[in-house]
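**Student:** Would you mind keeping the following structure in view while I ask a few things?
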Amino acid sequence: MRKAIVTRNITRVDTYQTLQLLLGIGLGMVIYVLLSDLAGRVTIHHFHSDFIQQLWFLFVKVWVPAAIVSPLVVICGLRFPFVPQHWWRALAFHVAIFFTLALIHALLLSYHYHYFADMNAEMRNYKAWQHMGHFMFGDALILFDFIIYTLLIAKVNLRHFYFIAQAKDVEANNLSNQLTRTRLHALRMQINPHFLFNTLNAISVLVMKQSNAQAVEMIGRLSHLFRQSLDENQLLTSLEKELNTAIQYLEIEQVRFGARLVYEVVCAQSLLKIQVPSMLLQPLLENAIRHGLSKSEANGELHITCTDVENYLRIVISDNGVGFDASVSVDGIGIDNIRQRLNSHYGEHHKFYIQSQINKGTQVTLEIPLMFETLAQ
């Protein structure tokens, strides 16, 4: 697939760019002749300037033929690009093509010079093709041909490597998205069964206690939460949707724990449309309740605070649970999954750390860039 993309893009050769390169080469020739003439005037006594003749030679006899054969050179560059696996094949091909074109160029100039130029009698004793050496080496024709051919081939190969890099970047992004989706799916498979088991167990207890109103409420919230989870298949979602899912989750847990669980969500209206990874908050909230608040005999308090801090969205989840020794803690599957997904989405443009003390609660802090779309480009 990548080869097809590269081939399709490279074959769309930009004629305008090739013409720009040829015009740049022509300008370079003018500058070369100017500098050569200036150097002669400064360093040679009684210098005789042949600026017009040199410029005429380079333009008519070097640049014009190069412009005529440039489409052929570009096609050769496209058909035989330099690639790491078979670079020597391309080198051998282009060496052969270059010398063939250079010899044809010199031969045409020699015949033109022999039959149409005003030459002295001694030069008439040579055969037409024997003037080739004078043009190729005396007038440095082969050097100019080599420079022009190399520039054209370099241009084609730069485009070739650019499209290869572009195709690899697209492929890498696709693989990264697939990996992130797999991690998100694994996270859902880990959280949902465990959470569903606890919730159904709590509903059964409510039914046994004949707390039918609470049981119905809990079933409704559970249905709504899972419907949101199934409908949300995107890697990114708005902070507003993520907070709504978190609130649904906490409402269900509040039915389970009753007055023992109090939660608070604080978020400015301006932050609700920010895109965040899906299923970002629920595993953190489940950890807070399962490993912190549920093991505490005191009433549990859980706070979610979202703020804008220096162009970063800072999300802080804090609880007053039993806490743990953060220096010896090992991340679970859910936390490790979140770390990997944050790395996949934001690279090094994010922060994620956990602070906790035994019997003093736990605080989880996330910071992700508000201008993520700009960074992604």
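Each chain in the structure tokens gets a letter, A, B and so on, in the order shown; residues start at 1 in every chain, and ligands are counted from 1 in the order they appear.
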Need the shell around segment 356-373 of chain A: protein/DNA/RNA residues with any atom at most 10 Å away, counting only C-alpha atoms. Skip same-chain ones fewer than 6 positions apart. Format as a PDB file with N, CA and C atoms, in the first residue's frame?

**Tutor:**
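File written: around.pdb
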```pdb
ATOM      1  N   LEU A 271     -14.014  25.055  29.515  1.00  0.00           N
ATOM      2  CA  LEU A 271     -13.161  23.882  29.312  1.00  0.00           C
ATOM      3  C   LEU A 271     -13.921  22.662  28.821  1.00  0.00           C
ATOM      4  N   ILE A 274     -13.085  20.826  25.383  1.00  0.00           N
ATOM      5  CA  ILE A 274     -11.735  20.328  25.145  1.00  0.00           C
ATOM      6  C   ILE A 274     -11.766  18.819  24.905  1.00  0.00           C
ATOM      7  N   GLN A 275     -10.981  18.355  23.944  1.00  0.00           N
ATOM      8  CA  GLN A 275     -10.917  16.933  23.632  1.00  0.00           C
ATOM      9  C   GLN A 275      -9.937  16.225  24.575  1.00  0.00           C
ATOM     10  N   VAL A 276     -10.401  15.114  25.153  1.00  0.00           N
ATOM     11  CA  VAL A 276      -9.576  14.303  26.048  1.00  0.00           C
ATOM     12  C   VAL A 276      -9.739  12.835  25.637  1.00  0.00           C
ATOM     13  N   LEU A 280     -10.993   8.120  30.310  1.00  0.00           N
ATOM     14  CA  LEU A 280      -9.833   8.618  31.036  1.00  0.00           C
ATOM     15  C   LEU A 280     -10.082   8.668  32.544  1.00  0.00           C
ATOM     16  N   LEU A 284      -9.675   5.831  37.017  1.00  0.00           N
ATOM     17  CA  LEU A 284      -9.084   6.552  38.146  1.00  0.00           C
ATOM     18  C   LEU A 284     -10.078   6.651  39.301  1.00  0.00           C
ATOM     19  N   LEU A 285     -11.338   6.906  38.950  1.00  0.00           N
ATOM     20  CA  LEU A 285     -12.369   6.977  39.983  1.00  0.00           C
ATOM     21  C   LEU A 285     -12.590   5.608  40.624  1.00  0.00           C
ATOM     22  N   ALA A 288      -9.902   4.998  43.061  1.00  0.00           N
ATOM     23  CA  ALA A 288     -10.078   5.810  44.269  1.00  0.00           C
ATOM     24  C   ALA A 288     -11.101   5.181  45.202  1.00  0.00           C
ATOM     25  N   HIS A 291      -9.808   1.128  46.124  1.00  0.00           N
ATOM     26  CA  HIS A 291      -8.599   0.968  46.939  1.00  0.00           C
ATOM     27  C   HIS A 291      -8.454   2.028  48.023  1.00  0.00           C
ATOM     28  N   GLY A 292      -9.293   3.075  47.964  1.00  0.00           N
ATOM     29  CA  GLY A 292      -9.144   4.141  48.949  1.00  0.00           C
ATOM     30  C   GLY A 292     -10.344   4.306  49.841  1.00  0.00           C
ATOM     31  N   LEU A 293     -11.477   4.717  49.263  1.00  0.00           N
ATOM     32  CA  LEU A 293     -12.641   5.069  50.069  1.00  0.00           C
ATOM     33  C   LEU A 293     -13.341   3.853  50.660  1.00  0.00           C
ATOM     34  N   SER A 296     -11.949   2.646  53.944  1.00  0.00           N
ATOM     35  CA  SER A 296     -11.918   3.590  55.056  1.00  0.00           C
ATOM     36  C   SER A 296     -13.212   3.501  55.851  1.00  0.00           C
ATOM     37  N   GLY A 300     -16.457   9.013  52.940  1.00  0.00           N
ATOM     38  CA  GLY A 300     -15.531   9.290  51.852  1.00  0.00           C
ATOM     39  C   GLY A 300     -15.882  10.550  51.094  1.00  0.00           C
ATOM     40  N   GLU A 301     -14.851  11.297  50.754  1.00  0.00           N
ATOM     41  CA  GLU A 301     -15.019  12.497  49.941  1.00  0.00           C
ATOM     42  C   GLU A 301     -14.145  12.368  48.693  1.00  0.00           C
ATOM     43  N   LEU A 302     -14.731  12.666  47.537  1.00  0.00           N
ATOM     44  CA  LEU A 302     -14.005  12.565  46.276  1.00  0.00           C
ATOM     45  C   LEU A 302     -14.233  13.843  45.478  1.00  0.00           C
ATOM     46  N   HIS A 303     -13.155  14.441  45.017  1.00  0.00           N
ATOM     47  CA  HIS A 303     -13.240  15.730  44.317  1.00  0.00           C
ATOM     48  C   HIS A 303     -12.584  15.601  42.940  1.00  0.00           C
ATOM     49  N   ILE A 304     -13.281  16.131  41.929  1.00  0.00           N
ATOM     50  CA  ILE A 304     -12.727  16.229  40.572  1.00  0.00           C
ATOM     51  C   ILE A 304     -12.670  17.713  40.224  1.00  0.00           C
ATOM     52  N   THR A 305     -11.477  18.211  39.950  1.00  0.00           N
ATOM     53  CA  THR A 305     -11.298  19.632  39.654  1.00  0.00           C
ATOM     54  C   THR A 305     -10.581  19.770  38.321  1.00  0.00           C
ATOM     55  N   CYS A 306     -11.164  20.559  37.416  1.00  0.00           N
ATOM     56  CA  CYS A 306     -10.583  20.808  36.091  1.00  0.00           C
ATOM     57  C   CYS A 306     -10.277  22.296  35.962  1.00  0.00           C
ATOM     58  N   THR A 307      -9.025  22.624  35.692  1.00  0.00           N
ATOM     59  CA  THR A 307      -8.619  24.024  35.594  1.00  0.00           C
ATOM     60  C   THR A 307      -7.695  24.217  34.391  1.00  0.00           C
ATOM     61  N   ASP A 308      -7.593  25.472  33.981  1.00  0.00           N
ATOM     62  CA  ASP A 308      -6.682  25.870  32.905  1.00  0.00           C
ATOM     63  C   ASP A 308      -5.427  26.444  33.557  1.00  0.00           C
ATOM     64  N   VAL A 309      -4.294  25.754  33.374  1.00  0.00           N
ATOM     65  CA  VAL A 309      -3.039  26.187  33.980  1.00  0.00           C
ATOM     66  C   VAL A 309      -1.995  26.340  32.882  1.00  0.00           C
ATOM     67  N   GLU A 310      -1.719  27.568  32.488  1.00  0.00           N
ATOM     68  CA  GLU A 310      -0.680  27.877  31.487  1.00  0.00           C
ATOM     69  C   GLU A 310      -0.864  27.055  30.220  1.00  0.00           C
ATOM     70  N   ASN A 311      -2.073  27.138  29.632  1.00  0.00           N
ATOM     71  CA  ASN A 311      -2.416  26.450  28.383  1.00  0.00           C
ATOM     72  C   ASN A 311      -2.411  24.933  28.502  1.00  0.00           C
ATOM     73  N   TYR A 312      -2.555  24.439  29.710  1.00  0.00           N
ATOM     74  CA  TYR A 312      -2.709  23.009  29.944  1.00  0.00           C
ATOM     75  C   TYR A 312      -4.007  22.778  30.705  1.00  0.00           C
ATOM     76  N   LEU A 313      -4.705  21.714  30.363  1.00  0.00           N
ATOM     77  CA  LEU A 313      -5.869  21.302  31.130  1.00  0.00           C
ATOM     78  C   LEU A 313      -5.380  20.433  32.277  1.00  0.00           C
ATOM     79  N   ARG A 314      -5.592  20.894  33.483  1.00  0.00           N
ATOM     80  CA  ARG A 314      -5.185  20.131  34.665  1.00  0.00           C
ATOM     81  C   ARG A 314      -6.421  19.499  35.298  1.00  0.00           C
ATOM     82  N   ILE A 315      -6.410  18.187  35.410  1.00  0.00           N
ATOM     83  CA  ILE A 315      -7.488  17.432  36.057  1.00  0.00           C
ATOM     84  C   ILE A 315      -6.922  16.803  37.319  1.00  0.00           C
ATOM     85  N   VAL A 316      -7.538  17.123  38.442  1.00  0.00           N
ATOM     86  CA  VAL A 316      -7.086  16.595  39.730  1.00  0.00           C
ATOM     87  C   VAL A 316      -8.216  15.779  40.341  1.00  0.00           C
ATOM     88  N   ILE A 317      -7.936  14.535  40.660  1.00  0.00           N
ATOM     89  CA  ILE A 317      -8.887  13.655  41.352  1.00  0.00           C
ATOM     90  C   ILE A 317      -8.297  13.341  42.724  1.00  0.00           C
ATOM     91  N   SER A 318      -8.973  13.783  43.769  1.00  0.00           N
ATOM     92  CA  SER A 318      -8.452  13.596  45.138  1.00  0.00           C
ATOM     93  C   SER A 318      -9.507  12.926  46.006  1.00  0.00           C
ATOM     94  N   ASP A 319      -9.030  12.128  46.942  1.00  0.00           N
ATOM     95  CA  ASP A 319      -9.931  11.463  47.897  1.00  0.00           C
ATOM     96  C   ASP A 319      -9.284  11.466  49.273  1.00  0.00           C
ATOM     97  N   ASN A 320     -10.108  11.171  50.268  1.00  0.00           N
ATOM     98  CA  ASN A 320      -9.625  11.113  51.649  1.00  0.00           C
ATOM     99  C   ASN A 320      -9.600   9.672  52.162  1.00  0.00           C
ATOM    100  N   GLY A 321      -9.295   8.743  51.256  1.00  0.00           N
ATOM    101  CA  GLY A 321      -9.288   7.332  51.612  1.00  0.00           C
ATOM    102  C   GLY A 321      -8.071   6.924  52.418  1.00  0.00           C
ATOM    103  N   VAL A 322      -7.830   5.618  52.432  1.00  0.00           N
ATOM    104  CA  VAL A 322      -6.757   5.078  53.286  1.00  0.00           C
ATOM    105  C   VAL A 322      -5.383   5.403  52.739  1.00  0.00           C
ATOM    106  N   GLY A 323      -5.277   5.706  51.428  1.00  0.00           N
ATOM    107  CA  GLY A 323      -3.983   6.035  50.848  1.00  0.00           C
ATOM    108  C   GLY A 323      -3.056   4.835  50.767  1.00  0.00           C
ATOM    109  N   PHE A 324      -1.848   5.098  50.331  1.00  0.00           N
ATOM    110  CA  PHE A 324      -0.837   4.036  50.238  1.00  0.00           C
ATOM    111  C   PHE A 324       0.533   4.676  50.186  1.00  0.00           C
ATOM    112  N   ASP A 325       1.536   3.830  50.310  1.00  0.00           N
ATOM    113  CA  ASP A 325       2.913   4.312  50.247  1.00  0.00           C
ATOM    114  C   ASP A 325       3.294   4.460  48.777  1.00  0.00           C
ATOM    115  N   ALA A 326       3.292   5.693  48.272  1.00  0.00           N
ATOM    116  CA  ALA A 326       3.528   5.923  46.843  1.00  0.00           C
ATOM    117  C   ALA A 326       4.925   5.525  46.412  1.00  0.00           C
ATOM    118  N   SER A 327       5.885   5.489  47.346  1.00  0.00           N
ATOM    119  CA  SER A 327       7.264   5.171  46.979  1.00  0.00           C
ATOM    120  C   SER A 327       7.447   3.707  46.601  1.00  0.00           C
ATOM    121  N   SER A 329       4.612   1.796  45.528  1.00  0.00           N
ATOM    122  CA  SER A 329       3.416   1.376  44.805  1.00  0.00           C
ATOM    123  C   SER A 329       3.765   0.933  43.391  1.00  0.00           C
ATOM    124  N   LEU A 342      -1.932   7.994  27.140  1.00  0.00           N
ATOM    125  CA  LEU A 342      -1.516   9.397  27.187  1.00  0.00           C
ATOM    126  C   LEU A 342      -0.233   9.599  26.387  1.00  0.00           C
ATOM    127  N   HIS A 345      -1.182   9.583  22.703  1.00  0.00           N
ATOM    128  CA  HIS A 345      -1.890  10.783  22.242  1.00  0.00           C
ATOM    129  C   HIS A 345      -0.996  12.017  22.259  1.00  0.00           C
ATOM    130  N   TYR A 346      -0.224  12.199  23.334  1.00  0.00           N
ATOM    131  CA  TYR A 346       0.443  13.476  23.565  1.00  0.00           C
ATOM    132  C   TYR A 346       1.963  13.394  23.589  1.00  0.00           C
ATOM    133  N   GLU A 348       5.450  13.508  24.903  1.00  0.00           N
ATOM    134  CA  GLU A 348       5.991  14.095  26.137  1.00  0.00           C
ATOM    135  C   GLU A 348       5.280  15.388  26.531  1.00  0.00           C
ATOM    136  N   HIS A 349       4.225  15.741  25.799  1.00  0.00           N
ATOM    137  CA  HIS A 349       3.480  16.973  26.101  1.00  0.00           C
ATOM    138  C   HIS A 349       2.359  16.711  27.109  1.00  0.00           C
ATOM    139  N   HIS A 350       2.637  16.005  28.162  1.00  0.00           N
ATOM    140  CA  HIS A 350       1.622  15.778  29.192  1.00  0.00           C
ATOM    141  C   HIS A 350       2.314  15.405  30.504  1.00  0.00           C
TER     142      HIS A 350
END
```

**Student:** Excluding same-chain residues fewer than 3 positions from segment 56-58 of chain A, what lies within 10 Å of it counting only C-alpha atoms, as a list in words?

**Tutor:**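 So, after excluding close chain neighbours, the residues are Gly26, Met29, Val30, Val33, Asp50, Phe51, Ile52, Gln53, Lys61, Val62, Trp63, Val64, Asp139, Leu141 and Phe144 of chain A.
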
**Student:** Kindly indicate which residue among A:Tyr149, A:Phe116, A:Trp87, A:Phe47 lies nearest to Ile25 of chain A, using only C-alpha atoms for the distances.

**Tutor:**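 Among the listed residues, the smallest separation from Ile25 of chain A belongs to A:Tyr149.
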
**Student:** For atom CA of His48 of chain A and atom CA of Asp145 of chain A, determine how far apart the two atoms are, in Å to one decimal place.

**Tutor:**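 So the answer is 26.8 Å.
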
**Student:** Return the single residue from A:Leu55, A:Lys241, A:Phe82, A:Ala246 that is closest to Tyr32 of chain A, with distances computed using only C-alpha atoms.

**Tutor:**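 Result for the nearest residue to Tyr32 of chain A: A:Leu55.
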
**Student:** As a ChimeraX atom specification, please: the residues near Ser278 of chain A (cut-off 6 Å, only C-alpha atoms, same-chain neighbours under 5 positions excluded).

**Tutor:** /A:235-237

**Student:** Please, could you write that set of residues out with N, CA and C atoms as a PDB file, in the first residue's frame?

**Tutor:**
```pdb
ATOM      1  N   LEU A 235     -11.475   7.691  19.918  1.00  0.00           N
ATOM      2  CA  LEU A 235     -10.322   7.735  20.816  1.00  0.00           C
ATOM      3  C   LEU A 235     -10.369   8.981  21.697  1.00  0.00           C
ATOM      4  N   LEU A 236     -10.906  10.070  21.139  1.00  0.00           N
ATOM      5  CA  LEU A 236     -11.016  11.315  21.896  1.00  0.00           C
ATOM      6  C   LEU A 236     -12.481  11.689  22.037  1.00  0.00           C
ATOM      7  N   THR A 237     -12.789  12.318  23.145  1.00  0.00           N
ATOM      8  CA  THR A 237     -14.146  12.801  23.380  1.00  0.00           C
ATOM      9  C   THR A 237     -14.043  14.124  24.110  1.00  0.00           C
TER      10      THR A 237
END
```

**Student:** DSSP says strand (DSSP E or B) for which residues of segment 211-368 of chain A? Put them as an MDAnalysis selection string?

**Tutor:** chainID A and resid 236:238 261:267 275:277 300:309 312:319 351:357 361:368

**Student:** For the residues selected in the previous step, produce a file with C-alpha atoms as a compact mmCIF listing (two decimals), in the first residue's frame.

**Tutor:**
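Result went into out-v8.txt, see below:
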```txt
# COMPACT_ATOMS: atom_id res chain seq x y z
CA LEU A 236 -11.02 11.32 21.90
CA THR A 237 -14.15 12.80 23.38
CA SER A 238 -15.12 16.12 24.92
CA LEU A 261 -19.73 8.78 49.68
CA VAL A 262 -19.83 12.46 48.77
CA TYR A 263 -18.40 13.78 45.53
CA GLU A 264 -17.85 17.17 43.93
CA VAL A 265 -17.08 18.09 40.31
CA VAL A 266 -15.68 21.56 39.55
CA CYS A 267 -15.04 22.61 35.94
CA GLN A 275 -10.92 16.93 23.63
CA VAL A 276 -9.58 14.30 26.05
CA PRO A 277 -8.96 10.54 25.69
CA GLY A 300 -15.53 9.29 51.85
CA GLU A 301 -15.02 12.50 49.94
CA LEU A 302 -14.01 12.57 46.28
CA HIS A 303 -13.24 15.73 44.32
CA ILE A 304 -12.73 16.23 40.57
CA THR A 305 -11.30 19.63 39.65
CA CYS A 306 -10.58 20.81 36.09
CA THR A 307 -8.62 24.02 35.59
CA ASP A 308 -6.68 25.87 32.91
CA VAL A 309 -3.04 26.19 33.98
CA TYR A 312 -2.71 23.01 29.94
CA LEU A 313 -5.87 21.30 31.13
CA ARG A 314 -5.19 20.13 34.67
CA ILE A 315 -7.49 17.43 36.06
CA VAL A 316 -7.09 16.60 39.73
CA ILE A 317 -8.89 13.66 41.35
CA SER A 318 -8.45 13.60 45.14
CA ASP A 319 -9.93 11.46 47.90
CA LYS A 351 2.03 15.01 32.89
CA PHE A 352 0.50 12.21 34.92
CA TYR A 353 1.50 11.59 38.51
CA ILE A 354 0.02 10.16 41.70
CA GLN A 355 0.61 11.46 45.22
CA SER A 356 -0.55 9.52 48.25
CA GLN A 357 0.10 9.09 51.96
CA GLY A 361 -5.76 10.03 50.92
CA THR A 362 -4.60 10.07 47.32
CA GLN A 363 -4.36 12.73 44.64
CA VAL A 364 -4.07 11.97 40.92
CA THR A 365 -3.03 14.83 38.62
CA LEU A 366 -3.21 14.91 34.83
CA GLU A 367 -2.05 17.77 32.63
CA ILE A 368 -2.69 17.70 28.89
```
